[in-house]
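What follows is a short report on a single structure.
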Amino acid sequence: VPVQGVMQEAVTWWFANNLLFLWFGAIGLGTAYYMIPKVIGRPVYSYHLAAIGFWTYALFASWTGMQRLVDGPFPAWMITASIAATILTIIPVATVGLNHHMTMRGYFGLLRYSPTLRFTVFGAISYTVFSLVGVLISLRSVARYTQFTEASIAYSHMGLYAFFTMVMFGSMYYIVPRLVGREWRYASLIKLHFWSSTYGVGLMVLMLLVGGFAQGSSMNDPSLAFSESTQTILPYLRGRSVSGLLLTVAHFVFAFHFGLMLFGLGRTASVPTFLNPKEEEALEARL
Amino acid sequence: MKGILPLFLGIFGTFAFSWAGLILIPNYQIGHLDPQTDEDGNDAYPAPKSGMAERGRRIYAANGCVYCHSQQVRADDVASDIDRKWGERRSAPRDYLFERPVLLGKMRMGPDLANIGKRAPVEDQNAPPPSSTTAASPAPGTSPSTSPGPAASTSPAASPTASAAPSPAVAAAPSVSPAASPTKAVAAASSPSPAPATSPAAAPSPASPVTNAASSADTTVAANGAPILYSAPWHHRHLYSPRSVSNDSNMPAFRFLYEKRRVSGERAADALILSGPDALPEGWEIVPTYDAKCLVAYLMSLDQSHALKEVKVTAVPPSSSAPAKEVK
């Protein structure tokens with residue numbers, strides 16, 4: 001990067017955070033806005049809210065980059081501006097969350113049947129949690145503990161996996177059958193995929209967040225040796241390895257299932273694959 | 001949103017807005033700093049690194065050191081970085097003028113390295129030679145090893161004075177409080193074959209003015225043969241075998257940066273000082289490759305101890321309520 005000294009890092013984080021928020025975040029949100037109404041057969045609750053959410057998101061999220069550099073060698077105002085912007089992202093997050101919730105209201109029962117909806121709604125909920133955790137760990141009083149710990153990794157995984165990847169999985173469960181003209185073969189594999197990835201990413205985030213706070217508080221206690229902080233995090237990192245195993249299982253299951261679809265081994269049926277035996281009349285109108 | 005143009009302009013505008021605010025304006029403020037000099041224009045800080053250290057930076061980056069080691073010291077009022085002796089003041093933008101790429105780091109699975117070079121012993125023959133701090137092993141029942149040098153076990157009392165005092169980060173075993181750590185630090189190689197479980201670290205205090213350990217002419221090796229903390233031989237040994245100097249280090253060993261070879265004639269001057277389970281059979285030696293030497297040169301060049309005008313040092317009065325929060 002053709003700038004001097006620490007400005008390289010500022011540019012990097014401005015870029016990286018925009019990539020996370022405005023590229024992955026916007027694609028994920030847009031997909032959720034498309035998939036949820038599509039699956040439940042009902043328009044988005046409020047287009048005004050969606051527009052407000054979009055523009056405030058573009059405005060505030062693009063300012064959040066320096067929240068990763070709290071207390072670093074930068075002018076304090078830069079970081080404060082980003083922290084303020086992070087707090088302001090509560091506005092788009094609240095509008096998006098409210099919009100999705102109101103769209104889904106009365107249709108939560110469909111989560112029992114539709115794989116797309118399950119993944120997408122999980123992703124949409126994760127988005128809210130992800131943003132609120134982001135606000136939390138960027139506050140100076142919290143960042144002094146979470147800075148330089150695994151907590152920031154938990155944060156990135158919430159954004160990229162629990163939110164974005166899960167929404168993408170959901171949309172693939174919707175799109176692929178329409179592309180190849182077959183339906184997903186095994187509802188059990190979809191279920192396995194959903195539960196192992198949900199528990200996997202949930203465990204990972206939990207382990208890294210809690211572990212990060214533990215690591216940070218022992219790192220900030222000068223009466224403890226530094227190695228104490230790395231010892232503190234170890235059990236959490238082992239838990240994280242377990243979560244990684246779960247995610248690996250999930251990915252192989254999905255890859256196998258996807259492969260079946262590619263080779264035309266999906267079911268030929270007029271109705272989509274439901275996760276559970278369906279009550280026909282209740283669903284036919286909607287799906 | 002009637003058309004594509006307002007949408008595009010709006011998105012472009014928000015991007016440009018944040019780019020101006022977080023990149024353009026800060027770049028005016030801190031993007032064109034010059035090294036600081038005293039009134040006569042001397043004593044410039046920071047200075048560009050040597051060629052070896054620059055190459056070492058690339059090796060540091062290539063081996064992913066930055067994923068576990070940060071190079072930034074936070075202010076005294078927000079974190080305990082300064083209490084941990086990772087620096088005497090917080091880092092400032094000016095410290096990184098010649099860093100390309102700048103390796104601030106995001107994670108501390110290992111200690112901060114912003115001042116790792118500062119903590120190295122001064123290689124100055126006029127400086128008081130280092131004393132070897134030899135104290136009892138923390139394991140009860142082990143007889144204290146005796147040091148051949150005159151440095152007695154009285155020196156630990158004086159060792160915490162200098163900033164070069166061993167950081168508890170590296171030296172101390174868990175459950176050792178920093179107040180006690182210098183006394184518990186053990187010169188690792190002082191006994192002929194230290195059991196790895198009982199001798200966690202070599203932590204003599206360099207440049208301690210108290211004792212007169214004049215017997216050691218080599219300022220990087222303690223009288224008992226173990227490398228002094230944060231000296232070049234110590235770094236080589238630590239890179240080659242992290243657990244041999246710090247018992248619960250989780251650092252990977254970078255053995256591929258070292259070469260094992262037969263001693264031909266004289267033992268090489270830079271051959272690693274190894275003991276315990278790493279000790280080699282007679283006739284063999286481990287020597288650093290050029291990359292390893294560059295990496296250590298880089299590590300030893302990391303030093304932010306020079307005072308900066310824009311950073312107030314608040315570490316001295318512990319009751320101070322005026323934090324040096326503002327960088328500039």
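So you can find residues: chains in the structure tokens are A, B, ... in the order shown, residues in each start at 1, and ligands are numbered from 1 in order.
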
Spatial neighbours of segment 18-27 of chain A, 8 Å, only C-alpha atoms, chain gap at least 2 places, as a VMD selection string: chain A and resid 14 to 16 29 to 31 58 61 to 62 65 159 to 160 164

Could the residues in this selection be saved with N, CA, C and O atoms as a PDB file, in the first residue's frame?
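Contents of the output file again38.pdb:
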ATOM      1  N   TRP A  14      -9.741  -0.483   6.669  1.00  0.00           N
ATOM      2  CA  TRP A  14     -10.860   0.154   5.975  1.00  0.00           C
ATOM      3  C   TRP A  14     -11.342  -0.761   4.867  1.00  0.00           C
ATOM      4  O   TRP A  14     -12.535  -1.020   4.709  1.00  0.00           O
ATOM      5  N   PHE A  15     -10.381  -1.302   4.123  1.00  0.00           N
ATOM      6  CA  PHE A  15     -10.742  -2.195   3.029  1.00  0.00           C
ATOM      7  C   PHE A  15     -11.367  -3.489   3.564  1.00  0.00           C
ATOM      8  O   PHE A  15     -12.431  -3.928   3.101  1.00  0.00           O
ATOM      9  N   ALA A  16     -10.716  -4.089   4.563  1.00  0.00           N
ATOM     10  CA  ALA A  16     -11.183  -5.392   5.024  1.00  0.00           C
ATOM     11  C   ALA A  16     -12.569  -5.288   5.636  1.00  0.00           C
ATOM     12  O   ALA A  16     -13.428  -6.157   5.433  1.00  0.00           O
ATOM     13  N   LEU A  29     -27.411  -9.984   3.220  1.00  0.00           N
ATOM     14  CA  LEU A  29     -28.688  -9.363   3.570  1.00  0.00           C
ATOM     15  C   LEU A  29     -29.637  -9.371   2.385  1.00  0.00           C
ATOM     16  O   LEU A  29     -30.830  -9.667   2.518  1.00  0.00           O
ATOM     17  N   GLY A  30     -29.087  -9.054   1.210  1.00  0.00           N
ATOM     18  CA  GLY A  30     -29.936  -9.044   0.026  1.00  0.00           C
ATOM     19  C   GLY A  30     -30.534 -10.419  -0.220  1.00  0.00           C
ATOM     20  O   GLY A  30     -31.731 -10.548  -0.540  1.00  0.00           O
ATOM     21  N   THR A  31     -29.719 -11.459  -0.047  1.00  0.00           N
ATOM     22  CA  THR A  31     -30.222 -12.810  -0.244  1.00  0.00           C
ATOM     23  C   THR A  31     -31.321 -13.135   0.755  1.00  0.00           C
ATOM     24  O   THR A  31     -32.354 -13.726   0.407  1.00  0.00           O
ATOM     25  N   ALA A  58     -25.118   1.403   4.524  1.00  0.00           N
ATOM     26  CA  ALA A  58     -24.017   1.833   3.661  1.00  0.00           C
ATOM     27  C   ALA A  58     -23.265   2.994   4.292  1.00  0.00           C
ATOM     28  O   ALA A  58     -22.039   3.073   4.233  1.00  0.00           O
ATOM     29  N   ALA A  61     -21.740   1.509   8.140  1.00  0.00           N
ATOM     30  CA  ALA A  61     -20.848   0.350   8.144  1.00  0.00           C
ATOM     31  C   ALA A  61     -19.523   0.670   7.462  1.00  0.00           C
ATOM     32  O   ALA A  61     -18.487   0.132   7.837  1.00  0.00           O
ATOM     33  N   SER A  62     -19.553   1.575   6.464  1.00  0.00           N
ATOM     34  CA  SER A  62     -18.303   1.865   5.789  1.00  0.00           C
ATOM     35  C   SER A  62     -17.345   2.665   6.678  1.00  0.00           C
ATOM     36  O   SER A  62     -16.177   2.804   6.348  1.00  0.00           O
ATOM     37  N   GLY A  65     -14.246   0.638  10.014  1.00  0.00           N
ATOM     38  CA  GLY A  65     -12.988  -0.103   9.895  1.00  0.00           C
ATOM     39  C   GLY A  65     -12.045  -0.016  11.081  1.00  0.00           C
ATOM     40  O   GLY A  65     -11.427  -1.005  11.464  1.00  0.00           O
ATOM     41  N   GLY A 159     -19.703 -13.125  11.512  1.00  0.00           N
ATOM     42  CA  GLY A 159     -20.089 -12.424  10.300  1.00  0.00           C
ATOM     43  C   GLY A 159     -19.992 -13.313   9.075  1.00  0.00           C
ATOM     44  O   GLY A 159     -20.923 -13.403   8.281  1.00  0.00           O
ATOM     45  N   LEU A 160     -18.850 -13.979   8.943  1.00  0.00           N
ATOM     46  CA  LEU A 160     -18.622 -14.693   7.686  1.00  0.00           C
ATOM     47  C   LEU A 160     -19.281 -16.053   7.667  1.00  0.00           C
ATOM     48  O   LEU A 160     -19.693 -16.512   6.615  1.00  0.00           O
ATOM     49  N   PHE A 164     -23.158 -15.027   6.879  1.00  0.00           N
ATOM     50  CA  PHE A 164     -23.075 -15.056   5.415  1.00  0.00           C
ATOM     51  C   PHE A 164     -23.157 -16.478   4.864  1.00  0.00           C
ATOM     52  O   PHE A 164     -23.960 -16.776   3.981  1.00  0.00           O
TER      53      PHE A 164
END

Near-Val70 of chain A list (7 Å; only C-alpha atoms; drop same-chain fewer than 6 positions) as a VMD selection string: chain A and resid 79 140 143

Pick out the chain A residues within 6 Å of chain B. Count only C-alpha atoms. Give them as a CSV table (one decimal) with C-alpha atoms, in the first residue's frame.
chain,number,residue,atom,x,y,z
A,4,GLN,CA,3.6,5.6,5.1
A,5,GLY,CA,3.8,3.7,8.3
A,6,VAL,CA,0.7,2.9,10.2
A,59,LEU,CA,-23.4,5.1,5.5
A,62,SER,CA,-18.3,1.9,5.8
A,63,TRP,CA,-17.0,3.9,8.7
A,71,ASP,CA,-5.8,1.8,21.4
A,73,PRO,CA,-0.9,3.8,17.4
A,75,PRO,CA,-4.9,9.4,16.4
A,76,ALA,CA,-7.7,8.8,18.9
A,148,PHE,CA,-5.4,-9.1,20.8
A,149,THR,CA,-7.5,-12.1,21.8
A,220,ASN,CA,-4.5,-7.5,31.4
A,222,PRO,CA,0.0,-7.9,35.3
A,223,SER,CA,0.3,-10.1,38.4
A,224,LEU,CA,-0.2,-13.1,36.1
A,225,ALA,CA,2.6,-14.3,33.9
A,226,PHE,CA,1.9,-13.8,30.2
A,227,SER,CA,1.9,-17.5,29.6
A,228,GLU,CA,-1.0,-17.7,31.9
A,230,THR,CA,-2.2,-18.5,26.6

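Each of A:Met35, A:Leu49, A:Ile125, A:Val205 was compared to Met172 of chain A using only C-alpha atoms, and A:Met35 turns out to be the nearest.
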
Length of the atom CA of Tyr258 of chain B to atom CA of Val287 of chain B vector [Å]: 5.7 Å

Non-local contacts of Met261 of chain A (9 Å; only C-alpha atoms; under 4 positions in same chain excluded) as a VMD selection string: chain A and resid 176 to 177 180 182 to 185 256 to 257 265 to 267

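Residues within 10 Å of Leu295 of chain B, counting only C-alpha atoms and excluding same-chain residues fewer than 6 positions away, are B:Met52, B:Ala53, B:Glu54, B:Arg55, B:Gly56, B:Arg57, B:Arg58, B:Ile59, B:Tyr60, B:Ala61, B:His235, B:His236, B:Leu239, B:Leu257, B:Thr289, B:Ser301.
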
Using the selection just defined, write its residues with N, CA, C and O atoms as a PDB file, in the first residue's frame.
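Written output follows (selection_17.pdb):
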ATOM      1  N   MET B  52      19.958  -6.428   6.542  1.00  0.00           N
ATOM      2  CA  MET B  52      19.649  -7.733   7.119  1.00  0.00           C
ATOM      3  C   MET B  52      18.324  -7.690   7.868  1.00  0.00           C
ATOM      4  O   MET B  52      17.507  -8.597   7.786  1.00  0.00           O
ATOM      5  N   ALA B  53      18.109  -6.609   8.607  1.00  0.00           N
ATOM      6  CA  ALA B  53      16.868  -6.516   9.366  1.00  0.00           C
ATOM      7  C   ALA B  53      15.676  -6.384   8.430  1.00  0.00           C
ATOM      8  O   ALA B  53      14.605  -6.930   8.692  1.00  0.00           O
ATOM      9  N   GLU B  54      15.862  -5.679   7.321  1.00  0.00           N
ATOM     10  CA  GLU B  54      14.763  -5.566   6.352  1.00  0.00           C
ATOM     11  C   GLU B  54      14.410  -6.930   5.774  1.00  0.00           C
ATOM     12  O   GLU B  54      13.238  -7.274   5.612  1.00  0.00           O
ATOM     13  N   ARG B  55      15.452  -7.698   5.459  1.00  0.00           N
ATOM     14  CA  ARG B  55      15.201  -9.053   4.981  1.00  0.00           C
ATOM     15  C   ARG B  55      14.552  -9.880   6.082  1.00  0.00           C
ATOM     16  O   ARG B  55      13.657 -10.695   5.833  1.00  0.00           O
ATOM     17  N   GLY B  56      14.989  -9.639   7.307  1.00  0.00           N
ATOM     18  CA  GLY B  56      14.393 -10.348   8.436  1.00  0.00           C
ATOM     19  C   GLY B  56      12.914 -10.045   8.581  1.00  0.00           C
ATOM     20  O   GLY B  56      12.130 -10.906   8.972  1.00  0.00           O
ATOM     21  N   ARG B  57      12.521  -8.837   8.248  1.00  0.00           N
ATOM     22  CA  ARG B  57      11.103  -8.506   8.332  1.00  0.00           C
ATOM     23  C   ARG B  57      10.290  -9.371   7.379  1.00  0.00           C
ATOM     24  O   ARG B  57       9.210  -9.827   7.698  1.00  0.00           O
ATOM     25  N   ARG B  58      10.888  -9.609   6.198  1.00  0.00           N
ATOM     26  CA  ARG B  58      10.161 -10.442   5.245  1.00  0.00           C
ATOM     27  C   ARG B  58      10.072 -11.887   5.737  1.00  0.00           C
ATOM     28  O   ARG B  58       9.075 -12.565   5.507  1.00  0.00           O
ATOM     29  N   ILE B  59      11.113 -12.325   6.419  1.00  0.00           N
ATOM     30  CA  ILE B  59      11.059 -13.687   6.959  1.00  0.00           C
ATOM     31  C   ILE B  59      10.047 -13.755   8.095  1.00  0.00           C
ATOM     32  O   ILE B  59       9.297 -14.731   8.235  1.00  0.00           O
ATOM     33  N   TYR B  60      10.024 -12.696   8.881  1.00  0.00           N
ATOM     34  CA  TYR B  60       9.024 -12.602   9.959  1.00  0.00           C
ATOM     35  C   TYR B  60       7.620 -12.696   9.381  1.00  0.00           C
ATOM     36  O   TYR B  60       6.773 -13.429   9.873  1.00  0.00           O
ATOM     37  N   ALA B  61       7.393 -11.963   8.292  1.00  0.00           N
ATOM     38  CA  ALA B  61       6.063 -11.989   7.680  1.00  0.00           C
ATOM     39  C   ALA B  61       5.791 -13.344   7.029  1.00  0.00           C
ATOM     40  O   ALA B  61       4.703 -13.905   7.161  1.00  0.00           O
ATOM     41  N   HIS B 235      17.899 -15.634  21.097  1.00  0.00           N
ATOM     42  CA  HIS B 235      16.869 -15.675  20.057  1.00  0.00           C
ATOM     43  C   HIS B 235      17.037 -16.911  19.184  1.00  0.00           C
ATOM     44  O   HIS B 235      16.057 -17.569  18.837  1.00  0.00           O
ATOM     45  N   HIS B 236      18.289 -17.215  18.835  1.00  0.00           N
ATOM     46  CA  HIS B 236      18.508 -18.388  17.994  1.00  0.00           C
ATOM     47  C   HIS B 236      18.060 -19.651  18.711  1.00  0.00           C
ATOM     48  O   HIS B 236      17.380 -20.502  18.137  1.00  0.00           O
ATOM     49  N   LEU B 239      14.262 -19.710  18.826  1.00  0.00           N
ATOM     50  CA  LEU B 239      13.644 -20.053  17.549  1.00  0.00           C
ATOM     51  C   LEU B 239      13.830 -21.529  17.238  1.00  0.00           C
ATOM     52  O   LEU B 239      12.949 -22.179  16.684  1.00  0.00           O
ATOM     53  N   LEU B 257      15.062 -23.138   9.801  1.00  0.00           N
ATOM     54  CA  LEU B 257      15.930 -21.985   9.612  1.00  0.00           C
ATOM     55  C   LEU B 257      17.351 -22.276  10.082  1.00  0.00           C
ATOM     56  O   LEU B 257      18.197 -21.390  10.059  1.00  0.00           O
ATOM     57  N   THR B 289      20.974 -20.393   9.534  1.00  0.00           N
ATOM     58  CA  THR B 289      21.107 -20.005   8.137  1.00  0.00           C
ATOM     59  C   THR B 289      21.096 -18.490   8.041  1.00  0.00           C
ATOM     60  O   THR B 289      20.862 -17.793   9.038  1.00  0.00           O
ATOM     61  N   SER B 301      16.274  -5.385  16.139  1.00  0.00           N
ATOM     62  CA  SER B 301      16.132  -3.983  15.739  1.00  0.00           C
ATOM     63  C   SER B 301      14.816  -3.384  16.214  1.00  0.00           C
ATOM     64  O   SER B 301      14.593  -2.196  16.038  1.00  0.00           O
TER      65      SER B 301
END

Pairwise distance for atom CA of Gly53 of chain A and atom CA of Thr89 of chain A, rounded to one decimal in Å: 9.3 Å

Straight-line distance linking atom CA of Thr232 of chain A with atom CA of Ser218 of chain A, stated in Å to one decimal: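 Atom CA of Ser218 of chain A lies at a distance of 7.7 Å from atom CA of Thr232 of chain A.
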
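On the backbone of this structure, DSSP gives helix (DSSP H, G or I) within segment 213-247 of chain A to A:Phe213, A:Ala214, A:Gln215, A:Gly216, A:Ser217, A:Ser218, A:Met219, A:Phe226, A:Ser227, A:Glu228, A:Ser229, A:Thr230, A:Gln231, A:Thr232, A:Ile233, A:Leu234, A:Pro235, A:Tyr236, A:Leu237, A:Arg238, A:Gly239, A:Arg240, A:Ser241, A:Val242, A:Ser243, A:Gly244, A:Leu245, A:Leu246, A:Leu247.
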
Which residue of B:Leu113, B:Ala268, B:Arg119, B:Tyr290 approaches Cys65 of chain B most closely, using only C-alpha atoms: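 Smallest separation from Cys65 of chain B among the options: B:Leu113.
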